[in-house]
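Visitor: Below is a structure I'd like to ask you about.
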Amino acid sequence: MSETLLPYARIISALNVEDEALRAFCVSLIYNQTVDEYISQRHLRFCSQQIEGTFFSHLLALTELALDSCGFLGGQFS
């Protein structure tokens with residue numbers, strides 16, 4: 001029988017940064033954890049500081065979109 005080993009770290013690059021940000025956003029909400037916990041548990045590594053910035057920019061945009069759709073941005077409370 002062959003043994004399947006999982007990689008220790010997941011490298012985040014320009015090719016997968018958007019998908020990983022969306023995954024981090026959803027998993028963090030579903031499992032009530034912080035994004036830092038998600039990054040730690042998944043052993044994420046960013047290929048550059050620019051990609052890390054892009055990741056967090058996407059998370060911020062997703063958060064703003066979610067809050068806006070709920071009416072929490074712009075001083076509105078629906």
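For the structure tokens, the naming scheme is as follows: chains receive sequential letters (A, B, ...) according to their order of presentation, residues are indexed from 1 within each chain, and ligands are indexed from 1 in presentation order.
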Find the residues around A:Phe46 up to 8 Å (only C-alpha atoms counted), leave out those fewer than 3 positions away in its own chain, and share them as a list in words.
Guide: Ile11, Ile12, Ser13, Gln49, Ile51 and Glu52 of chain A
Visitor: Produce a table with one row for each residue of stretch 32-65 of chain A that has an atom at most 10 Å from any atom of stretch 14-23 of chain A, each row naming the nearest atom pair and its distance in Å at one decimal; use only C-alpha atoms; arrange rows by chain and rising residue number; format as a tab-separated table.
Guide:
```
residue	atom	partner	partner_atom	distance
A:Val35	CA	A:Ala21	CA	9.4
A:Tyr38	CA	A:Arg23	CA	9.6
A:Ile39	CA	A:Glu20	CA	9.9
A:Leu44	CA	A:Glu20	CA	9.4
A:Phe46	CA	A:Val17	CA	8.8
A:Cys47	CA	A:Ala14	CA	8.5
A:Ser48	CA	A:Ala14	CA	9.5
A:Gln50	CA	A:Ala14	CA	9.4
A:Ile51	CA	A:Ala14	CA	6.5
A:Glu52	CA	A:Val17	CA	8.3
A:Gly53	CA	A:Val17	CA	9.9
A:Thr54	CA	A:Val17	CA	7.3
A:Phe55	CA	A:Ala21	CA	5.6
A:Phe56	CA	A:Ala21	CA	7.4
A:Ser57	CA	A:Ala21	CA	8.9
A:His58	CA	A:Ala21	CA	6.1
A:Leu59	CA	A:Ala21	CA	5.8
A:Leu60	CA	A:Ala21	CA	9.5
A:Leu62	CA	A:Leu22	CA	7.6
```
Visitor: Keeping only C-alpha atoms, write the selected residues to a file as an mmCIF file, in the first residue's frame.
Guide:
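Final output, out_37.cif:
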```cif
data_model
loop_
_atom_site.group_PDB
_atom_site.id
_atom_site.type_symbol
_atom_site.label_atom_id
_atom_site.label_comp_id
_atom_site.auth_asym_id
_atom_site.auth_seq_id
_atom_site.Cartn_x
_atom_site.Cartn_y
_atom_site.Cartn_z
ATOM 1 C CA VAL A 35 -8.325 34.517 9.691
ATOM 2 C CA TYR A 38 -7.147 29.814 9.480
ATOM 3 C CA ILE A 39 -3.717 30.795 8.123
ATOM 4 C CA LEU A 44 -0.384 29.077 4.478
ATOM 5 C CA PHE A 46 2.637 33.722 0.799
ATOM 6 C CA CYS A 47 5.114 33.885 -2.056
ATOM 7 C CA SER A 48 5.628 37.628 -1.482
ATOM 8 C CA GLN A 50 2.550 41.842 -2.300
ATOM 9 C CA ILE A 51 0.534 38.598 -2.528
ATOM 10 C CA GLU A 52 -0.086 38.709 1.216
ATOM 11 C CA GLY A 53 -1.378 42.272 0.807
ATOM 12 C CA THR A 54 -3.609 41.147 -2.059
ATOM 13 C CA PHE A 55 -4.976 38.342 0.134
ATOM 14 C CA PHE A 56 -5.920 40.765 2.907
ATOM 15 C CA SER A 57 -7.326 43.279 0.402
ATOM 16 C CA HIS A 58 -9.637 40.579 -0.933
ATOM 17 C CA LEU A 59 -10.691 39.675 2.619
ATOM 18 C CA LEU A 60 -11.465 43.314 3.337
ATOM 19 C CA LEU A 62 -15.468 40.467 0.992
#
```
Visitor: To one decimal place in Å, what is the distance between atom CA of A:Cys26 and atom CA of A:Thr63?
Guide: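 For atom CA of A:Cys26 relative to atom CA of A:Thr63, the distance reads 10.3 Å.
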Visitor: Go through chain A and collect every residue that DSSP, computed from the backbone, puts in strand (DSSP E); the answer should be as a ChimeraX atom specification.
Guide: /A:10-12,44-46
Visitor: How would the residues just picked look written out with all heavy atoms as a short mmCIF file (atom, residue, chain, number, x, y, z; two decimals), in the first residue's frame?
Guide:
```
data_model
loop_
_atom_site.label_atom_id
_atom_site.label_comp_id
_atom_site.auth_asym_id
_atom_site.auth_seq_id
_atom_site.Cartn_x
_atom_site.Cartn_y
_atom_site.Cartn_z
N ARG A 10 0.93 25.35 2.35
CA ARG A 10 0.26 25.68 1.09
C ARG A 10 0.78 27.04 0.65
O ARG A 10 0.68 28.01 1.39
CB ARG A 10 -1.25 25.73 1.31
CG ARG A 10 -2.03 26.06 0.07
CD ARG A 10 -3.51 25.82 0.31
NE ARG A 10 -4.33 26.36 -0.74
CZ ARG A 10 -4.60 25.71 -1.88
NH1 ARG A 10 -4.12 24.50 -2.07
NH2 ARG A 10 -5.36 26.28 -2.80
N ILE A 11 1.34 27.08 -0.53
CA ILE A 11 1.92 28.31 -1.06
C ILE A 11 0.83 29.11 -1.75
O ILE A 11 0.13 28.60 -2.62
CB ILE A 11 3.06 28.01 -2.06
CG1 ILE A 11 4.12 27.10 -1.43
CG2 ILE A 11 3.67 29.30 -2.58
CD1 ILE A 11 4.78 27.67 -0.20
N ILE A 12 0.70 30.37 -1.36
CA ILE A 12 -0.28 31.26 -1.96
C ILE A 12 0.45 32.17 -2.93
O ILE A 12 1.38 32.88 -2.56
CB ILE A 12 -1.02 32.09 -0.89
CG1 ILE A 12 -1.60 31.19 0.20
CG2 ILE A 12 -2.10 32.95 -1.52
CD1 ILE A 12 -2.51 30.10 -0.29
N LEU A 44 -0.50 28.29 5.70
CA LEU A 44 -0.38 29.08 4.48
C LEU A 44 0.92 29.86 4.48
O LEU A 44 1.35 30.39 5.50
CB LEU A 44 -1.55 30.05 4.35
CG LEU A 44 -2.96 29.47 4.29
CD1 LEU A 44 -3.96 30.58 4.03
CD2 LEU A 44 -3.07 28.40 3.24
N ARG A 45 1.54 29.93 3.31
CA ARG A 45 2.75 30.72 3.11
C ARG A 45 2.54 31.55 1.85
O ARG A 45 2.14 31.02 0.82
CB ARG A 45 3.98 29.83 2.95
CG ARG A 45 4.27 28.92 4.12
CD ARG A 45 4.69 29.72 5.35
NE ARG A 45 4.95 28.86 6.48
CZ ARG A 45 4.09 28.61 7.46
NH1 ARG A 45 2.90 29.14 7.43
NH2 ARG A 45 4.40 27.83 8.46
N PHE A 46 2.81 32.83 1.93
CA PHE A 46 2.64 33.72 0.80
C PHE A 46 3.96 33.85 0.06
O PHE A 46 5.01 33.95 0.68
CB PHE A 46 2.15 35.09 1.28
CG PHE A 46 0.83 35.02 1.98
CD1 PHE A 46 0.75 34.94 3.36
CD2 PHE A 46 -0.35 35.00 1.26
CE1 PHE A 46 -0.46 34.86 4.02
CE2 PHE A 46 -1.58 34.90 1.90
CZ PHE A 46 -1.63 34.83 3.29
#
```
Visitor: Quick check for you: according to DSSP on this backbone, which residues of chain A are classed as helix (DSSP H, G or I)? Reply as a VMD selection string.
Guide: chain A and resid 17 to 30 35 to 42 49 to 70
Visitor: Quote the spacing between atom CA of A:Tyr8 and atom CA of A:Tyr31 in Å to one decimal place.
Guide: 21.5 Å
Visitor: As an exercise, work out the distance from atom CA of A:Glu64 to atom CA of A:Asn32 in Å and give it to one decimal place.
Guide: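 Pair atom CA of A:Glu64 / atom CA of A:Asn32 returns 18.0 Å.
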